[in-house]
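Chemist: Contents of my_file_30.txt (compact mmCIF, C-alpha atoms and all ligand atoms) are below:
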# COMPACT_ATOMS: atom_id res chain seq x y z
CA MET A 12 -126.18 44.81 55.62
CA THR A 13 -126.78 45.36 51.92
CA LEU A 14 -127.91 41.95 50.71
CA ALA A 15 -130.26 42.72 47.82
CA THR A 16 -132.57 40.75 45.55
CA LEU A 17 -132.18 40.71 41.79
CA SER A 18 -135.33 42.85 41.42
CA GLU A 19 -133.96 45.45 43.80
CA VAL A 20 -130.92 46.03 41.58
CA LEU A 21 -132.48 45.47 38.14
CA THR A 22 -135.59 47.66 38.54
CA PRO A 23 -133.60 50.90 38.89
CA ALA A 24 -131.17 49.69 36.19
CA LEU A 25 -134.03 49.29 33.72
CA ARG A 26 -135.55 52.64 34.67
CA GLU A 27 -132.31 54.57 34.50
CA GLY A 28 -130.65 52.83 31.52
CA TYR A 29 -127.73 50.90 32.91
CA ALA A 30 -126.83 47.27 33.63
CA VAL A 31 -125.44 45.31 36.56
CA ALA A 32 -122.67 42.71 36.29
CA GLY A 33 -123.41 39.13 37.32
CA VAL A 34 -119.91 37.87 38.01
CA VAL A 35 -119.00 34.19 38.12
CA CYS A 36 -117.38 33.38 41.49
CA LEU A 37 -115.21 30.28 41.92
CA GLY A 38 -113.61 30.88 45.31
CA TRP A 39 -112.93 33.30 48.13
CA GLU A 40 -110.26 35.44 46.45
CA ASP A 41 -112.25 36.24 43.30
CA ALA A 42 -115.52 36.80 45.19
CA ARG A 43 -113.77 39.13 47.63
CA ALA A 44 -112.10 41.03 44.77
CA TYR A 45 -115.45 41.50 43.00
CA ALA A 46 -117.17 42.75 46.15
CA ALA A 47 -114.25 45.15 46.68
CA ALA A 48 -114.59 46.37 43.07
CA ALA A 49 -118.29 47.14 43.56
CA GLU A 50 -117.53 48.92 46.81
CA ALA A 51 -114.75 50.98 45.20
CA GLU A 52 -117.01 51.98 42.28
CA GLY A 53 -120.05 52.57 44.49
CA LEU A 54 -122.09 50.26 42.22
CA PRO A 55 -124.29 47.20 42.83
CA ILE A 56 -123.03 43.73 41.90
CA ILE A 57 -124.45 40.22 41.54
CA LEU A 58 -122.16 37.51 42.98
CA GLN A 59 -123.03 34.22 41.27
CA ALA A 60 -122.40 30.60 42.17
CA GLY A 61 -122.83 28.46 39.06
CA PRO A 62 -122.65 24.71 38.46
CA GLY A 63 -118.82 24.59 38.41
CA ALA A 64 -118.57 26.50 41.68
CA ARG A 65 -121.17 24.25 43.33
CA ALA A 66 -119.41 21.09 42.17
CA HIS A 67 -116.22 22.44 43.78
CA MET A 68 -117.62 23.69 47.10
CA PRO A 69 -120.89 22.89 48.90
CA ILE A 70 -123.76 25.30 48.48
CA PRO A 71 -124.11 26.12 52.23
CA VAL A 72 -120.49 27.35 52.14
CA TRP A 73 -121.22 29.48 49.07
CA ALA A 74 -124.29 30.96 50.70
CA ARG A 75 -122.48 31.93 53.89
CA MET A 76 -119.40 33.24 52.09
CA LEU A 77 -121.28 35.39 49.59
CA ARG A 78 -123.74 36.62 52.24
CA HIS A 79 -120.80 37.58 54.43
CA LEU A 80 -119.45 39.74 51.59
CA ALA A 81 -122.92 41.24 50.99
CA GLU A 82 -123.42 42.03 54.65
CA ALA A 83 -120.04 43.75 54.89
CA ALA A 84 -120.67 45.92 51.81
CA THR A 85 -122.29 49.33 51.64
CA VAL A 86 -123.43 48.82 48.01
CA PRO A 87 -126.24 46.40 47.07
CA VAL A 88 -124.92 42.86 46.60
CA VAL A 89 -127.10 40.07 45.19
CA VAL A 90 -126.26 36.49 46.19
CA HIS A 91 -127.37 34.59 43.10
CA LEU A 92 -127.65 30.93 42.11
CA ASP A 93 -126.60 30.68 38.44
CA HIS A 94 -128.00 27.90 36.22
CA GLY A 95 -130.05 26.05 38.81
CA LYS A 96 -131.03 22.84 37.07
CA SER A 97 -134.09 21.82 39.09
CA LEU A 98 -136.69 23.00 41.55
CA GLU A 99 -134.67 21.18 44.19
CA ASP A 100 -131.48 23.15 43.34
CA CYS A 101 -133.46 26.37 43.77
CA ARG A 102 -135.20 25.19 46.95
CA VAL A 103 -131.87 24.32 48.58
CA ALA A 104 -130.31 27.66 47.54
CA ILE A 105 -133.26 29.62 48.91
CA GLY A 106 -133.11 27.65 52.16
CA GLU A 107 -129.40 28.42 52.50
CA GLY A 108 -129.97 32.16 52.05
CA PHE A 109 -129.44 33.04 48.39
CA SER A 110 -131.38 36.21 47.56
CA SER A 111 -131.87 35.29 43.89
CA VAL A 112 -132.07 32.09 41.84
CA MET A 113 -131.79 31.37 38.15
CA TYR A 114 -133.63 28.33 36.87
CA ASP A 115 -132.30 27.10 33.53
CA GLY A 116 -134.98 25.01 31.86
CA SER A 117 -133.92 26.25 28.44
CA LEU A 118 -133.27 22.76 27.05
CA ASP A 119 -136.79 21.58 27.97
CA PRO A 120 -139.87 22.10 25.80
CA LEU A 121 -141.38 25.56 26.42
CA ASP A 122 -144.48 24.23 28.27
CA ARG A 123 -142.32 22.29 30.70
CA ASN A 124 -139.91 25.24 31.16
CA ILE A 125 -142.91 27.49 31.93
CA ALA A 126 -144.52 25.02 34.34
CA ASP A 127 -141.29 24.43 36.29
CA MET A 128 -140.38 28.11 36.35
CA ALA A 129 -143.84 29.10 37.60
CA ARG A 130 -143.49 26.71 40.57
CA ILE A 131 -140.03 28.07 41.36
CA VAL A 132 -141.22 31.68 41.11
CA GLU A 133 -144.06 30.92 43.54
CA MET A 134 -141.68 29.29 46.00
CA ALA A 135 -139.02 32.01 45.65
CA HIS A 136 -141.35 34.97 45.89
CA ALA A 137 -142.95 33.49 49.03
CA ALA A 138 -139.44 33.61 50.53
CA GLY A 139 -138.70 37.16 49.26
CA VAL A 140 -136.24 35.83 46.67
CA SER A 141 -136.00 36.94 43.00
CA CYS A 142 -135.95 34.66 39.96
CA GLU A 143 -134.28 34.62 36.55
CA GLY A 144 -135.38 32.23 33.79
CA GLU A 145 -134.16 31.45 30.27
CA VAL A 146 -135.94 31.05 26.96
CA GLY A 147 -133.92 30.01 23.90
CA VAL A 148 -130.57 28.30 24.35
CA VAL A 149 -127.27 30.12 24.91
CA GLY A 150 -124.63 27.75 23.55
CA TYR A 151 -120.96 27.26 24.38
CA ASP A 152 -117.92 28.31 22.35
CA GLY A 153 -116.74 25.15 20.60
CA GLY A 154 -119.57 23.19 22.26
CA ALA A 155 -123.37 23.02 22.37
CA ALA A 156 -125.11 25.16 19.74
CA SER A 157 -127.33 28.16 20.50
CA HIS A 158 -131.01 28.38 19.70
CA GLY A 159 -132.24 31.95 19.39
CA THR A 160 -135.04 33.21 21.64
CA ASP A 161 -138.43 33.48 19.96
CA PRO A 162 -140.09 36.77 21.08
CA GLN A 163 -143.55 35.19 21.39
CA ASP A 164 -142.14 32.32 23.49
CA ALA A 165 -140.49 34.96 25.66
CA ARG A 166 -143.80 36.79 26.06
CA ARG A 167 -145.64 33.61 27.11
CA PHE A 168 -142.86 32.74 29.54
CA ALA A 169 -142.91 36.21 31.08
CA VAL A 170 -146.68 36.36 31.47
CA GLU A 171 -147.22 32.79 32.67
CA THR A 172 -144.32 32.55 35.13
CA GLY A 173 -144.09 36.03 36.72
CA VAL A 174 -140.29 35.77 36.53
CA ASP A 175 -138.22 38.85 37.52
CA ALA A 176 -135.60 38.71 34.72
CA LEU A 177 -135.21 36.77 31.50
CA ALA A 178 -132.01 35.40 29.97
CA VAL A 179 -132.15 35.45 26.16
CA SER A 180 -130.22 33.99 23.24
CA VAL A 181 -129.51 36.78 20.75
CA GLY A 182 -126.05 35.90 19.40
CA ASN A 183 -124.42 35.54 22.80
CA VAL A 184 -122.35 32.41 23.53
CA HIS A 185 -120.78 31.19 26.80
CA LEU A 186 -117.00 30.86 27.30
CA GLN A 187 -115.73 33.11 24.51
CA THR A 188 -112.14 34.19 25.12
CA GLY A 189 -112.36 37.10 22.65
CA PRO A 190 -115.01 39.24 20.93
CA GLY A 191 -117.90 37.28 19.40
CA ALA A 192 -119.91 38.00 16.24
CA GLY A 193 -122.04 40.68 17.94
CA LEU A 194 -125.58 40.60 19.29
CA ASP A 195 -128.72 40.71 17.14
CA ARG A 196 -130.18 44.16 17.84
CA ALA A 197 -133.38 43.50 15.86
CA LYS A 198 -134.07 40.35 17.90
CA ILE A 199 -133.38 42.17 21.15
CA ALA A 200 -135.87 44.89 20.12
CA ALA A 201 -138.51 42.30 19.21
CA ILE A 202 -138.07 40.45 22.52
CA GLU A 203 -138.16 43.72 24.42
CA ALA A 204 -141.40 44.76 22.69
CA ALA A 205 -142.94 41.40 23.61
CA THR A 206 -141.82 41.29 27.26
CA SER A 207 -141.60 44.92 28.41
CA PRO A 208 -141.06 45.92 31.20
CA LEU A 209 -139.12 42.73 32.02
CA PRO A 210 -135.34 43.17 32.52
CA LEU A 211 -133.34 41.04 30.07
CA VAL A 212 -130.12 39.16 30.83
CA ILE A 213 -127.14 38.33 28.61
CA HIS A 214 -125.21 35.19 29.52
CA GLY A 215 -121.81 34.85 27.90
CA GLY A 216 -121.08 38.53 28.47
CA SER A 217 -117.34 38.01 27.99
CA GLY A 218 -117.85 37.68 24.23
CA VAL A 219 -119.59 41.07 24.03
CA PRO A 220 -117.04 43.89 23.62
CA GLN A 221 -117.10 46.50 26.36
CA ALA A 222 -118.29 49.29 23.99
CA ASP A 223 -121.25 47.12 22.90
CA ARG A 224 -122.14 46.34 26.52
CA THR A 225 -122.15 50.05 27.29
CA ALA A 226 -124.47 50.83 24.37
CA LEU A 227 -126.79 47.88 25.08
CA ALA A 228 -127.02 48.79 28.76
CA ARG A 229 -128.06 52.32 27.87
CA GLU A 230 -130.34 51.63 24.89
CA THR A 231 -132.11 48.32 25.59
CA ALA A 232 -133.87 46.42 28.38
CA ILE A 233 -130.69 44.39 28.98
CA CYS A 234 -129.99 45.06 32.64
CA LYS A 235 -127.65 42.19 33.57
CA PHE A 236 -124.52 40.90 31.85
CA ASN A 237 -123.06 37.64 33.13
CA ILE A 238 -119.28 37.85 33.02
CA GLY A 239 -117.10 34.83 33.75
CA THR A 240 -114.43 33.94 31.21
CA GLU A 241 -113.00 37.44 30.86
CA LEU A 242 -112.30 37.71 34.58
CA ARG A 243 -111.13 34.12 34.83
CA GLN A 244 -108.54 34.95 32.14
CA THR A 245 -107.33 37.80 34.38
CA PHE A 246 -107.09 35.35 37.29
CA GLY A 247 -105.08 32.84 35.21
CA ALA A 248 -102.69 35.48 33.90
CA ALA A 249 -102.11 36.91 37.40
CA LEU A 250 -101.51 33.46 38.86
CA ARG A 251 -99.00 32.53 36.15
CA GLN A 252 -97.19 35.84 36.59
CA THR A 253 -96.94 35.36 40.35
CA LEU A 254 -95.60 31.83 40.04
CA ALA A 255 -93.08 32.89 37.38
CA ALA A 256 -91.90 35.81 39.51
CA HIS A 257 -91.68 33.67 42.67
CA PRO A 258 -90.62 30.20 41.49
CA THR A 259 -90.11 28.89 45.02
CA ALA A 260 -93.43 30.23 46.42
CA PHE A 261 -95.55 27.51 47.99
CA ASP A 262 -97.90 29.27 50.39
CA ARG A 263 -101.44 29.06 49.09
CA ILE A 264 -102.61 32.27 50.71
CA GLU A 265 -99.63 34.26 49.45
CA ILE A 266 -99.97 32.92 45.89
CA LEU A 267 -103.73 33.40 45.59
CA ARG A 268 -103.80 36.78 47.31
CA ALA A 269 -101.65 38.15 44.48
CA THR A 270 -104.58 37.58 42.09
CA GLU A 271 -106.94 39.86 44.01
CA ALA A 272 -105.61 43.28 42.99
CA PRO A 273 -105.61 42.48 39.23
CA LEU A 274 -109.09 40.94 39.56
CA GLU A 275 -110.40 43.97 41.39
CA THR A 276 -108.98 46.31 38.72
CA ALA A 277 -110.49 44.23 35.89
CA ALA A 278 -113.86 43.98 37.64
CA ARG A 279 -113.95 47.74 38.26
CA LYS A 280 -113.51 48.28 34.52
CA VAL A 281 -116.36 45.83 33.77
CA LEU A 282 -118.65 47.55 36.28
CA ARG A 283 -117.87 51.05 34.98
CA GLY A 284 -118.59 49.91 31.42
CA LEU A 285 -122.17 48.99 32.31
CA ARG A 286 -122.95 52.34 33.92
CA PRO A 287 -122.84 54.90 31.09
P1 LIG A 301 -118.86 33.90 30.16
O1 LIG A 301 -117.97 33.01 30.96
O2 LIG A 301 -118.87 33.54 28.72
O3 LIG A 301 -118.62 35.34 30.41
O4 LIG A 301 -120.37 33.59 30.62
C1 LIG A 301 -120.71 33.66 31.96
C2 LIG A 301 -122.12 33.24 32.16
O5 LIG A 301 -122.97 33.45 31.31
C3 LIG A 301 -122.45 32.57 33.42
O6 LIG A 301 -123.80 32.19 33.46
Go through the file and emit its structure as structure tokens.
Ligand code: 13P
Modeler:
Amino acid sequence: MTLATLSEVLTPALREGYAVAGVVCLGWEDARAYAAAAEAEGLPIILQAGPGARAHMPIPVWARMLRHLAEAATVPVVVHLDHGKSLEDCRVAIGEGFSSVMYDGSLDPLDRNIADMARIVEMAHAAGVSCEGEVGVVGYDGGAASHGTDPQDARRFAVETGVDALAVSVGNVHLQTGPGAGLDRAKIAAIEAATSPLPLVIHGGSGVPQADRTALARETAICKFNIGTELRQTFGAALRQTLAAHPTAFDRIEILRATEAPLETAARKVLRGLRP
């Protein structure tokens, strides 16, 4: 059994200068492929169930499925709630067996975000569960705008909540299907100086080119990159290819299983890129 908390994988990452992938899981085939990729690379991984996944499948099912993969692995696997929207979301996830929860109060005023996060950290830590919070707003490609993280806000948040990892807005944007404009190194350094030794998290990791991820993992306190879109593009391409090659295929298992090998290959590349 290698179920791990976020702290258990991010503390050595920060110390040794690498980062861990937080991969967006939407079903059994992708989650299994990501766990297999981590196993094949001998590296830790964070399997995440975000709002879309939870709208599609009940959280108790996610908890059991991801814990099953963690328990079968020999590498550390974190079972992580991504973008919990309330204390109740986090309480339910902890009760179902998630080993890590992210609370996203980034759209609330800072005082409210801090107060809510502090209550969640207290509840989570009492259960042996890690917590990630967010200060500043990470926007969406073609959607909601970003609001950069203020280093002093980040410091207050870190000190007053006792959170284990902090998601920051430094030029990163969710759902980019190609390289973005690049991350703001000066802002990252300022946040790091204000929050050290807190591990930092980049949401919207798909928009950060692999070479930049490698450098940031080695040179900054960024210890976790959330990667969704990039791998979902691999899934879509594999699915289309399978259906085109087998126009009469109708068996769900057969069709979806064909996505696992390409997903595992793509995830292995992502994982290797974070471990310079
Ligand atoms: P991308 O889909 O842009 O990689 O972002 C994933 C993410 O940040 C999930 O929280």
Chemist: Return the single residue from A:Glu241, A:Glu265, A:Glu271, A:Asp223 that is closest to ligand LIG 301 (chain A), with distances computed using only C-alpha atoms and all ligand atoms.
Modeler: A:Glu241
Chemist: Name all residues at most 7 Å from A:Thr13 (count all atoms listed in the file; drop same-chain ones fewer than 5 positions away) and give them as a list in words.
Modeler: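 The residues satisfying every condition are Ala81, Glu82, Ala84, Thr85, Val86, Pro87 and Val88 of chain A.
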Chemist: Quick one: distance from atom CA of A:Ile202 to atom CA of A:Leu54 in Å, one decimal?
Modeler: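 Here the two named atoms are 27.2 Å from each other.
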Chemist: Check the smallest atom-to-atom distance from each of A:Glu171, A:Asp152, A:Asp262, A:Glu203 to A:Ser217 using all atoms listed in the file, then report the winner.
Modeler: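 Comparing A:Glu171, A:Asp152, A:Asp262, A:Glu203 against A:Ser217, the winner is A:Asp152.
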Chemist: Here is a test: counting all atoms listed in the file, which residue of A:Ala129, A:Ile56, A:Val31, A:Val149 is nearest to ligand LIG 301 (chain A)?
Modeler: A:Val149
Chemist: So that I can see what lies close to A:Ala74, please list as a list in words the residues with an atom at most 8 Å from it, counting all atoms listed in the file and leaving out residues fewer than 2 positions away in the same chain.
Modeler: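 The filter keeps Ile70, Pro71, Val72, Met76, Leu77, Arg78, Val90, Ala104, Glu107, Gly108 and Phe109 of chain A.
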Chemist: Nearest to ligand LIG 301 (chain A): which of A:Ala46, A:Leu242, A:Ala15, A:Ile266 is it, counting only C-alpha atoms and all ligand atoms?
Modeler: A:Leu242
Chemist: From the set A:Gly28, A:Gly159, A:Gly61, A:Gly191, which residue has the shortest atom-to-atom contact distance to ligand LIG 301 (chain A), counting all atoms listed in the file?
Modeler: A:Gly61
Chemist: Hey, which residues sit close to ligand LIG 301 (chain A)? Say within 10 Å, counting all atoms listed in the file, and write them as a PDB file with C-alpha atoms, in the coordinates of the input.
Modeler:
ATOM      1  CA  GLY A  33    -123.410  39.130  37.320  1.00  0.00           C
ATOM      2  CA  VAL A  34    -119.910  37.870  38.010  1.00  0.00           C
ATOM      3  CA  VAL A  35    -119.000  34.190  38.120  1.00  0.00           C
ATOM      4  CA  CYS A  36    -117.380  33.380  41.490  1.00  0.00           C
ATOM      5  CA  GLN A  59    -123.030  34.220  41.270  1.00  0.00           C
ATOM      6  CA  ALA A  60    -122.400  30.600  42.170  1.00  0.00           C
ATOM      7  CA  GLY A  61    -122.830  28.460  39.060  1.00  0.00           C
ATOM      8  CA  PRO A  62    -122.650  24.710  38.460  1.00  0.00           C
ATOM      9  CA  LEU A  92    -127.650  30.930  42.110  1.00  0.00           C
ATOM     10  CA  ASP A  93    -126.600  30.680  38.440  1.00  0.00           C
ATOM     11  CA  HIS A  94    -128.000  27.900  36.220  1.00  0.00           C
ATOM     12  CA  MET A 113    -131.790  31.370  38.150  1.00  0.00           C
ATOM     13  CA  ASP A 115    -132.300  27.100  33.530  1.00  0.00           C
ATOM     14  CA  VAL A 149    -127.270  30.120  24.910  1.00  0.00           C
ATOM     15  CA  GLY A 150    -124.630  27.750  23.550  1.00  0.00           C
ATOM     16  CA  TYR A 151    -120.960  27.260  24.380  1.00  0.00           C
ATOM     17  CA  ASP A 152    -117.920  28.310  22.350  1.00  0.00           C
ATOM     18  CA  ALA A 178    -132.010  35.400  29.970  1.00  0.00           C
ATOM     19  CA  ASN A 183    -124.420  35.540  22.800  1.00  0.00           C
ATOM     20  CA  VAL A 184    -122.350  32.410  23.530  1.00  0.00           C
ATOM     21  CA  HIS A 185    -120.780  31.190  26.800  1.00  0.00           C
ATOM     22  CA  LEU A 186    -117.000  30.860  27.300  1.00  0.00           C
ATOM     23  CA  GLN A 187    -115.730  33.110  24.510  1.00  0.00           C
ATOM     24  CA  THR A 188    -112.140  34.190  25.120  1.00  0.00           C
ATOM     25  CA  GLY A 189    -112.360  37.100  22.650  1.00  0.00           C
ATOM     26  CA  VAL A 212    -130.120  39.160  30.830  1.00  0.00           C
ATOM     27  CA  ILE A 213    -127.140  38.330  28.610  1.00  0.00           C
ATOM     28  CA  HIS A 214    -125.210  35.190  29.520  1.00  0.00           C
ATOM     29  CA  GLY A 215    -121.810  34.850  27.900  1.00  0.00           C
ATOM     30  CA  GLY A 216    -121.080  38.530  28.470  1.00  0.00           C
ATOM     31  CA  SER A 217    -117.340  38.010  27.990  1.00  0.00           C
ATOM     32  CA  GLY A 218    -117.850  37.680  24.230  1.00  0.00           C
ATOM     33  CA  VAL A 219    -119.590  41.070  24.030  1.00  0.00           C
ATOM     34  CA  PHE A 236    -124.520  40.900  31.850  1.00  0.00           C
ATOM     35  CA  ASN A 237    -123.060  37.640  33.130  1.00  0.00           C
ATOM     36  CA  ILE A 238    -119.280  37.850  33.020  1.00  0.00           C
ATOM     37  CA  GLY A 239    -117.100  34.830  33.750  1.00  0.00           C
ATOM     38  CA  THR A 240    -114.430  33.940  31.210  1.00  0.00           C
ATOM     39  CA  GLU A 241    -113.000  37.440  30.860  1.00  0.00           C
ATOM     40  CA  LEU A 242    -112.300  37.710  34.580  1.00  0.00           C
ATOM     41  CA  ARG A 243    -111.130  34.120  34.830  1.00  0.00           C
ATOM     42  CA  GLN A 244    -108.540  34.950  32.140  1.00  0.00           C
TER      43      GLN A 244
END
Chemist: Using all atoms listed in the file, which of the listed residues (A:Glu50, A:Glu133, A:Glu99, A:Glu27) sits closest to A:Ala228?
Modeler: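 Checking each of A:Glu50, A:Glu133, A:Glu99, A:Glu27 against A:Ala228, counting all atoms listed in the file, the winner is A:Glu27.
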Chemist: Suppose you want the space between atom CA of A:Leu209 and atom CA of A:Val170; what is it in Å?
Modeler: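 Distance reported for this atom pair: 9.9 Å.
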